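Chemist: mmCIF, C-alpha atoms, saved as entry.cif, coming up:
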```
data_final
loop_
_atom_site.label_atom_id
_atom_site.label_comp_id
_atom_site.auth_asym_id
_atom_site.auth_seq_id
_atom_site.Cartn_x
_atom_site.Cartn_y
_atom_site.Cartn_z
CA MET A 17 8.18 -11.74 16.87
CA ALA A 18 7.83 -9.97 13.52
CA VAL A 19 5.64 -10.75 10.53
CA ALA A 20 6.31 -9.58 6.98
CA ARG A 21 3.86 -6.94 5.79
CA GLU A 22 2.89 -9.00 2.73
CA GLN A 23 2.28 -12.10 4.84
CA LEU A 24 0.01 -10.15 7.17
CA THR A 25 -2.00 -8.45 4.43
CA ASP A 26 -2.37 -11.71 2.47
CA TYR A 27 -3.67 -13.45 5.58
CA ILE A 28 -6.18 -10.69 6.41
CA GLY A 29 -7.36 -10.54 2.80
CA GLN A 30 -8.14 -14.25 2.80
CA LEU A 31 -9.64 -14.19 6.28
CA LEU A 32 -12.05 -11.38 5.44
CA GLN A 33 -12.56 -12.50 1.81
CA ILE A 34 -12.04 -8.94 0.60
CA ASP A 35 -12.41 -9.87 -3.07
CA ARG A 36 -16.10 -10.71 -2.50
CA PHE A 37 -17.03 -7.11 -1.80
CA LYS A 38 -17.78 -4.12 -3.96
CA ASP A 39 -16.68 -1.31 -1.66
CA TYR A 40 -16.34 2.46 -1.57
CA CYS A 41 -12.61 2.36 -0.77
CA PRO A 42 -9.60 0.05 -1.20
CA ASN A 43 -9.39 -2.77 1.33
CA GLY A 44 -5.93 -3.76 2.51
CA LEU A 45 -2.68 -1.81 2.49
CA GLN A 46 -3.48 1.87 1.89
CA VAL A 47 -0.20 3.52 2.94
CA GLU A 48 3.06 1.58 2.77
CA GLY A 49 5.43 1.59 5.73
CA ARG A 50 8.20 -0.68 7.00
CA ARG A 51 8.40 -4.26 5.76
CA GLU A 52 8.40 -6.01 9.14
CA ILE A 53 5.64 -5.60 11.71
CA THR A 54 6.09 -6.39 15.39
CA ARG A 55 3.71 -3.88 17.01
CA LEU A 56 0.17 -3.33 15.72
CA ALA A 57 -2.12 -0.46 16.66
CA THR A 58 -5.87 -0.57 16.03
CA ALA A 59 -8.49 2.17 15.83
CA VAL A 60 -11.93 2.62 14.30
CA THR A 61 -10.85 5.52 12.07
CA ALA A 62 -7.47 6.65 10.75
CA SER A 63 -7.86 10.16 12.12
CA LEU A 64 -4.80 12.28 12.84
CA ALA A 65 -5.29 11.51 16.55
CA ALA A 66 -5.15 7.78 15.78
CA VAL A 67 -2.10 8.19 13.56
CA GLU A 68 -0.31 10.20 16.25
CA GLY A 69 -1.34 7.58 18.81
CA ALA A 70 0.25 4.89 16.64
CA VAL A 71 3.44 6.96 16.45
CA ALA A 72 3.51 7.40 20.24
CA ALA A 73 2.95 3.67 20.73
CA GLY A 74 5.85 2.77 18.43
CA ALA A 75 3.55 0.85 16.10
CA ASP A 76 4.72 -0.53 12.78
CA ALA A 77 1.18 -0.65 11.41
CA LEU A 78 -2.18 0.98 12.11
CA LEU A 79 -5.21 -1.24 11.43
CA VAL A 80 -8.55 0.57 11.02
CA HIS A 81 -12.11 0.17 9.78
CA HIS A 82 -12.34 3.65 8.25
CA GLY A 83 -9.27 4.41 6.18
CA TYR A 84 -8.65 6.75 3.24
CA PHE A 85 -9.32 7.15 -0.49
CA TRP A 86 -13.11 7.00 -0.42
CA LYS A 87 -15.09 7.04 -3.63
CA ASN A 88 -15.82 10.61 -4.79
CA GLU A 89 -13.52 12.21 -2.20
CA SER A 90 -11.22 15.02 -3.29
CA ALA A 91 -7.96 13.57 -4.66
CA PRO A 92 -5.32 16.22 -3.79
CA VAL A 93 -3.17 15.39 -0.76
CA VAL A 94 -3.62 18.71 1.03
CA GLY A 95 -4.85 19.95 4.41
CA THR A 96 -5.96 17.23 6.80
CA LYS A 97 -5.20 14.52 4.25
CA LYS A 98 -1.60 15.74 3.97
CA ALA A 99 -1.24 15.84 7.76
CA ARG A 100 -2.48 12.27 8.19
CA ILE A 101 -0.61 10.66 5.30
CA GLY A 102 2.49 12.78 5.89
CA THR A 103 2.69 11.63 9.50
CA LEU A 104 2.37 7.97 8.47
CA LEU A 105 5.08 8.33 5.85
CA ALA A 106 7.39 10.31 8.11
CA HIS A 107 7.31 7.50 10.67
CA ASP A 108 7.24 4.62 8.16
CA ILE A 109 3.93 3.26 9.52
CA ASN A 110 1.72 1.00 7.42
CA LEU A 111 -1.98 1.82 7.19
CA LEU A 112 -4.25 -1.22 6.81
CA ALA A 113 -7.96 -0.55 6.32
CA TYR A 114 -10.91 -2.95 5.97
CA HIS A 115 -14.40 -1.56 5.49
CA LEU A 116 -17.30 -3.77 4.31
CA PRO A 117 -15.33 -7.03 4.69
CA LEU A 118 -14.86 -6.23 8.38
CA ASP A 119 -18.56 -5.39 8.79
CA ALA A 120 -19.54 -8.77 7.39
CA HIS A 121 -17.15 -11.33 8.89
CA GLU A 122 -19.12 -14.05 10.68
CA THR A 123 -17.20 -13.89 13.98
CA LEU A 124 -14.75 -10.98 14.00
CA GLY A 125 -16.90 -8.49 12.10
CA ASN A 126 -18.73 -5.47 13.41
CA ASN A 127 -22.19 -7.03 13.07
CA ALA A 128 -21.09 -10.22 14.83
CA GLN A 129 -19.36 -8.33 17.63
CA LEU A 130 -22.31 -5.97 18.09
CA ALA A 131 -24.67 -8.95 18.34
CA GLN A 132 -22.56 -10.41 21.15
CA ARG A 133 -22.77 -7.20 23.15
CA LEU A 134 -26.48 -6.63 22.55
CA GLY A 135 -27.55 -10.23 23.14
CA LEU A 136 -28.77 -10.84 19.59
CA VAL A 137 -28.71 -14.27 17.94
CA ALA A 138 -28.35 -14.15 14.16
CA ASP A 139 -30.20 -16.53 11.87
CA GLY A 140 -30.04 -14.81 8.48
CA ARG A 141 -28.85 -11.94 6.32
CA CYS A 142 -30.32 -9.60 3.75
CA GLY A 143 -29.67 -6.32 1.94
CA ASP A 144 -26.96 -5.37 -0.51
CA GLN A 145 -24.06 -7.85 -0.28
CA ASP A 146 -25.84 -9.49 2.71
CA LEU A 147 -24.60 -6.74 5.01
CA VAL A 148 -27.76 -6.61 7.15
CA TRP A 149 -28.09 -9.31 9.80
CA LEU A 150 -31.39 -10.77 10.98
CA GLY A 151 -32.18 -12.53 14.24
CA ALA A 152 -33.77 -12.27 17.65
CA PRO A 153 -32.89 -11.33 21.22
CA ALA A 154 -31.46 -14.22 23.22
CA ALA A 155 -34.12 -13.55 25.85
CA PRO A 156 -37.50 -11.80 25.50
CA LEU A 157 -37.40 -8.07 26.19
CA THR A 158 -39.15 -4.85 25.25
CA LEU A 159 -37.77 -2.10 23.07
CA GLY A 160 -37.22 0.01 26.17
CA GLU A 161 -35.32 -2.77 27.93
CA PHE A 162 -33.25 -3.37 24.80
CA ALA A 163 -32.39 0.34 24.52
CA ALA A 164 -31.32 0.47 28.17
CA HIS A 165 -29.10 -2.57 27.66
CA ALA A 166 -27.60 -1.03 24.50
CA ALA A 167 -26.81 2.20 26.37
CA GLU A 168 -24.94 0.26 29.04
CA ALA A 169 -23.16 -2.10 26.65
CA LEU A 170 -22.05 0.57 24.17
CA GLU A 171 -21.51 3.39 26.67
CA ARG A 172 -23.73 5.70 24.62
CA GLN A 173 -27.40 6.64 24.90
CA PRO A 174 -29.14 5.49 21.69
CA LEU A 175 -31.78 7.37 19.75
CA VAL A 176 -34.95 5.27 19.94
CA ILE A 177 -38.01 5.77 17.72
CA GLY A 178 -40.93 3.45 18.48
CA ASP A 179 -43.13 2.01 21.20
CA THR A 180 -40.74 1.27 24.08
CA GLY A 181 -43.26 -1.17 25.57
CA ARG A 182 -43.32 -3.37 22.48
CA THR A 183 -41.79 -6.85 22.83
CA LEU A 184 -39.06 -7.54 20.29
CA ARG A 185 -39.44 -10.82 18.43
CA ARG A 186 -37.37 -10.15 15.31
CA VAL A 187 -34.54 -7.66 14.95
CA ALA A 188 -32.39 -6.52 12.01
CA TRP A 189 -29.04 -4.79 12.51
CA CYS A 190 -26.18 -3.30 10.52
CA THR A 191 -23.48 -1.21 12.15
CA GLY A 192 -22.39 2.28 11.12
CA GLY A 193 -24.31 4.45 8.67
CA ALA A 194 -26.81 1.91 7.38
CA GLN A 195 -30.02 3.89 7.79
CA GLY A 196 -30.60 3.71 4.02
CA TYR A 197 -31.54 0.04 4.41
CA PHE A 198 -34.53 1.03 6.54
CA HIS A 199 -36.71 1.56 3.44
CA GLU A 200 -36.46 -2.16 2.64
CA LEU A 201 -36.44 -3.39 6.22
CA ALA A 202 -39.61 -1.49 7.15
CA THR A 203 -41.49 -3.83 4.77
CA ARG A 204 -40.19 -6.99 6.46
CA ASP A 205 -41.59 -8.93 9.38
CA ILE A 206 -39.33 -7.39 12.00
CA ASP A 207 -39.96 -5.32 15.11
CA CYS A 208 -36.81 -3.20 15.14
CA PHE A 209 -33.83 -2.11 13.07
CA VAL A 210 -30.58 -1.23 14.83
CA THR A 211 -27.81 0.78 13.17
CA GLY A 212 -25.42 3.59 14.01
CA GLU A 213 -26.86 6.75 12.50
CA ALA A 214 -30.26 8.26 11.76
CA SER A 215 -31.49 10.47 8.92
CA GLU A 216 -34.56 12.71 8.96
CA PHE A 217 -36.76 10.26 7.07
CA VAL A 218 -36.42 7.42 9.60
CA THR A 219 -38.71 9.08 12.16
CA HIS A 220 -41.65 9.17 9.77
CA LEU A 221 -40.97 5.72 8.37
CA ALA A 222 -40.74 4.18 11.84
CA ARG A 223 -43.98 5.79 12.93
CA GLU A 224 -45.87 4.83 9.78
CA SER A 225 -44.51 1.28 9.40
CA GLY A 226 -44.59 0.31 13.07
CA VAL A 227 -40.99 -0.94 12.86
CA ALA A 228 -38.87 0.65 15.60
CA PHE A 229 -35.58 2.33 14.75
CA VAL A 230 -32.55 2.48 17.05
CA ALA A 231 -29.52 4.62 16.21
CA ALA A 232 -26.85 3.52 18.68
CA GLY A 233 -23.92 5.53 17.26
CA HIS A 234 -21.74 4.99 14.21
CA HIS A 235 -18.53 4.87 16.23
CA ALA A 236 -20.16 3.06 19.16
CA THR A 237 -21.47 0.21 17.00
CA GLU A 238 -18.17 -0.19 15.13
CA ARG A 239 -15.69 -0.14 18.01
CA TYR A 240 -15.47 -3.88 18.34
CA GLY A 241 -14.72 -5.45 14.96
CA VAL A 242 -11.29 -3.91 14.56
CA ARG A 243 -10.46 -4.78 18.16
CA ALA A 244 -11.45 -8.41 17.60
CA LEU A 245 -9.46 -8.58 14.36
CA GLY A 246 -6.44 -7.00 16.03
CA ALA A 247 -6.59 -9.44 18.92
CA HIS A 248 -6.84 -12.37 16.49
CA LEU A 249 -3.80 -11.16 14.53
CA ALA A 250 -1.79 -10.48 17.67
CA GLU A 251 -2.38 -14.03 18.87
CA ARG A 252 -1.70 -15.68 15.53
CA PHE A 253 1.51 -13.77 14.75
CA ALA A 254 2.69 -13.02 18.31
CA LEU A 255 2.45 -9.26 17.79
CA ASP A 256 2.44 -6.52 20.38
CA LEU A 257 -0.98 -4.86 20.30
CA VAL A 258 -2.34 -1.49 21.38
CA HIS A 259 -5.89 -0.25 20.82
CA LEU A 260 -6.53 3.46 20.37
CA ASP A 261 -10.09 4.33 21.41
CA ILE A 262 -10.52 7.85 20.00
CA ASP A 263 -13.73 9.32 21.40
CA ASN A 264 -16.42 10.16 18.85
CA PRO A 265 -19.99 11.12 19.85
CA VAL A 266 -21.40 10.32 16.39
#
```
Re-express the file's structure as structure tokens.
Modeler:
Amino acid sequence: MAVAREQLTDYIGQLLQIDRFKDYCPNGLQVEGRREITRLATAVTASLAAVEGAVAAGADALLVHHGYFWKNESAPVVGTKKARIGTLLAHDINLLAYHLPLDAHETLGNNAQLAQRLGLVADGRCGDQDLVWLGAPAAPLTLGEFAAHAAEALERQPLVIGDTGRTLRRVAWCTGGAQGYFHELATRDIDCFVTGEASEFVTHLARESGVAFVAAGHHATERYGVRALGAHLAERFALDLVHLDIDNPV
């Protein structure tokens, strides 16, 4: 069964409420391909490997979290940008990308999906555009136990800064590269902040504030939102679906 490109993008835009967000890139259709979509490929990032995977899978559209045309990026379509966009155009494949709206969605989003895998129960939000989620572990556990569970659930050993014997009562989390929020979160009544990446300053801030910091991987923490969205779309529109899990250690 096929769905018109405009019908699909309109539905996703409403589902994710993309107009609510001030983002660093366009959300929605980024590269135009064929009008009818029957097979959808998903990936975290629209790398050349993902684009070539979509071609090999016979996909009509590639749905990603990290697309193109980021704020302040170089505009000329040369080098790697030419290779990626040129391959999409040559094979008439649509590129659909959803960044902050996919992070934030209450059930399909990256934060919601990460919480499911890490056993976190959300009860609030904070930070710019309410992108940081607040909550608690579903069952009492220490930082060390939580880190071990995260390593198993995400298939990646996290970087952990803090007292591994400390019991976690309150946890904040935001997938991807959200370490900049740690300045604000270190002043809150939480025991731990979980995100994807770490910067040099977080070590000192964690030690001095007493709030633990867990960097569980940018790619690892954002593998699940696009998969959940793809599965939802495949069910609703009876699409063929293939997920492209391109390894990334960061």
Chemist: What would the selection look like, as an MDAnalysis selection string, if the PyMOL selection byres ((chain A and resi 253) around 10) were run on the coordinates I just shared?
Modeler: chainID A and resid 17:19 24 53:54 248:252 254:256
Chemist: Sort by chain and increasing residue number a table of all residues of range 32-61 of chain A within 10 Å of range 118-127 of chain A, each with its closest pair of atoms and their distance in Å to one decimal, counting only C-alpha atoms, and write it as a Markdown table.
Modeler:
```
| residue | atom | partner | partner_atom | distance |
| --- | --- | --- | --- | --- |
| A:Leu32 | CA | A:His121 | CA | 6.2 |
| A:Gln33 | CA | A:His121 | CA | 8.5 |
| A:Ile34 | CA | A:Leu118 | CA | 8.7 |
| A:Phe37 | CA | A:Ala120 | CA | 9.7 |
| A:Asn43 | CA | A:Leu118 | CA | 9.6 |
```
Chemist: Might you pull out every residue within 8 Å of Val80 in chain A, with all atoms listed in the file counted and same-chain residues fewer than 4 positions away left off, and present them as a PyMOL selection string?
Modeler: chain A and resi 58-62+111-114+242
Chemist: If the PyMOL selection byres ((chain A and resi 191) around 8) is run on the structure shown, which residues does it catch, given as JSON, numbers by chain?
Modeler: {"A": [119, 126, 127, 130, 189, 190, 192, 193, 194, 210, 211, 212, 234, 237, 238]}
Chemist: What gap, in Å, lies between CA of Ala231 in chain A and CA of Ala214 in chain A?
Modeler: 5.8 Å
Chemist: Pick out the closest residue to Asp39 in chain A from this set: A:Asp26, A:Glu168, A:Asp144, A:Asp207. Count only C-alpha atoms.
Modeler: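 Among A:Asp26, A:Glu168, A:Asp144, A:Asp207, it is A:Asp144 that comes nearest to Asp39 in chain A.
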Chemist: Find the residue from A:Gly233, A:Gly196, A:Gly181, A:Gly102 that sits nearest to Ser215 in chain A; use all atoms listed in the file when measuring.
Modeler: A:Gly196
Chemist: Evaluated on this file, the PyMOL selection byres ((chain A and resi 65) around 12) picks out some residues - which ones are they, written as a list in words?
Modeler: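 After applying the PyMOL selection byres ((chain A and resi 65) around 12), what remains is Ala59, Val60, Thr61, Ala62, Ser63, Leu64, Ala66, Val67, Glu68, Gly69, Ala70, Val71, Ala72, Leu78, Thr96, Ala99, Arg100, Thr103, Leu104, Leu260, Asp261, Ile262, Asp263 and Asn264 of chain A.
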Chemist: Between CA of Ala128 in chain A and CA of Pro42 in chain A, what is the spacing in Å?
Modeler: 22.2 Å
Chemist: Which protein, DNA or RNA residues have an atom at most 12 Å from (-40.7, -6.5, 4.4), counting all atoms listed in the file? List them as a list in words.
Modeler: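 Protein, DNA and RNA residues close to (-40.7, -6.5, 4.4): Cys142, Gly143, Arg186, Ala188, Tyr197, Phe198, His199, Glu200, Leu201, Ala202, Thr203, Arg204, Asp205, Ile206, Asp207, Cys208, Phe209, Ser225, Gly226 and Val227 of chain A.
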Chemist: Between A:Asn110, A:Gln132, A:Gln145, A:Asn88, which one has atoms that come closest to Lys38 in chain A, using all atoms listed in the file?
Modeler: A:Gln145
Chemist: With all atoms listed in the file as the atoms that count, which of A:Leu31, A:Ile101, A:Ala167, A:Ile109 lies nearest to Ala75 in chain A?
Modeler: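 Answer, going by the shortest atom-to-atom distance: A:Ile109.
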Chemist: Counting only C-alpha atoms, which residue out of A:Glu224, A:Glu89, A:Asp76, A:Asp146 sits closest to Pro117 in chain A?
Modeler: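 The closest residue to Pro117 in chain A is A:Asp146.
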Chemist: Which is closer to Thr183 in chain A than all the others in A:Ala228, A:Leu150, A:Leu170, A:Val94, using all atoms listed in the file?
Modeler: A:Ala228
Chemist: May I have the centre and edge lengths, in Å to one decimal, of an axis-aligned box around the listed atoms of range 154-161 of chain A with 8 Å added to every side, as AutoDock Vina command-line options?
Modeler:
```
--center_x -35.3 --center_y -7.1 --center_z 25.5 --size_x 23.7 --size_y 30.2 --size_z 20.9
```
Chemist: Report, in Å with one decimal, the straight-line distance from CA of Val148 in chain A to CA of Val218 in chain A.
Modeler: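 Atom-to-atom, CA of Val148 in chain A to CA of Val218 in chain A, that is 16.7 Å.
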Chemist: For Ala152 in chain A, find every residue with an atom within 6 Å (counting all atoms listed in the file), except residues of its own chain fewer than 2 positions away, and show them as a PDB file with C-alpha atoms, keeping the file's coordinate frame.
Modeler:
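Once written, around-v5.pdb looks like this:
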```
ATOM      1  CA  LEU A 136     -28.770 -10.840  19.590  1.00  0.00           C
ATOM      2  CA  VAL A 137     -28.710 -14.270  17.940  1.00  0.00           C
ATOM      3  CA  ARG A 185     -39.440 -10.820  18.430  1.00  0.00           C
ATOM      4  CA  ARG A 186     -37.370 -10.150  15.310  1.00  0.00           C
ATOM      5  CA  VAL A 187     -34.540  -7.660  14.950  1.00  0.00           C
TER       6      VAL A 187
END
```
Chemist: Neighbouring residues of Val176 in chain A were defined as those with any atom within 9 Å, considering all atoms listed in the file; residues of the same chain fewer than 6 positions away were excluded. Please report them as a PyMOL selection string.
Modeler: chain A and resi 159-160+163+228-232
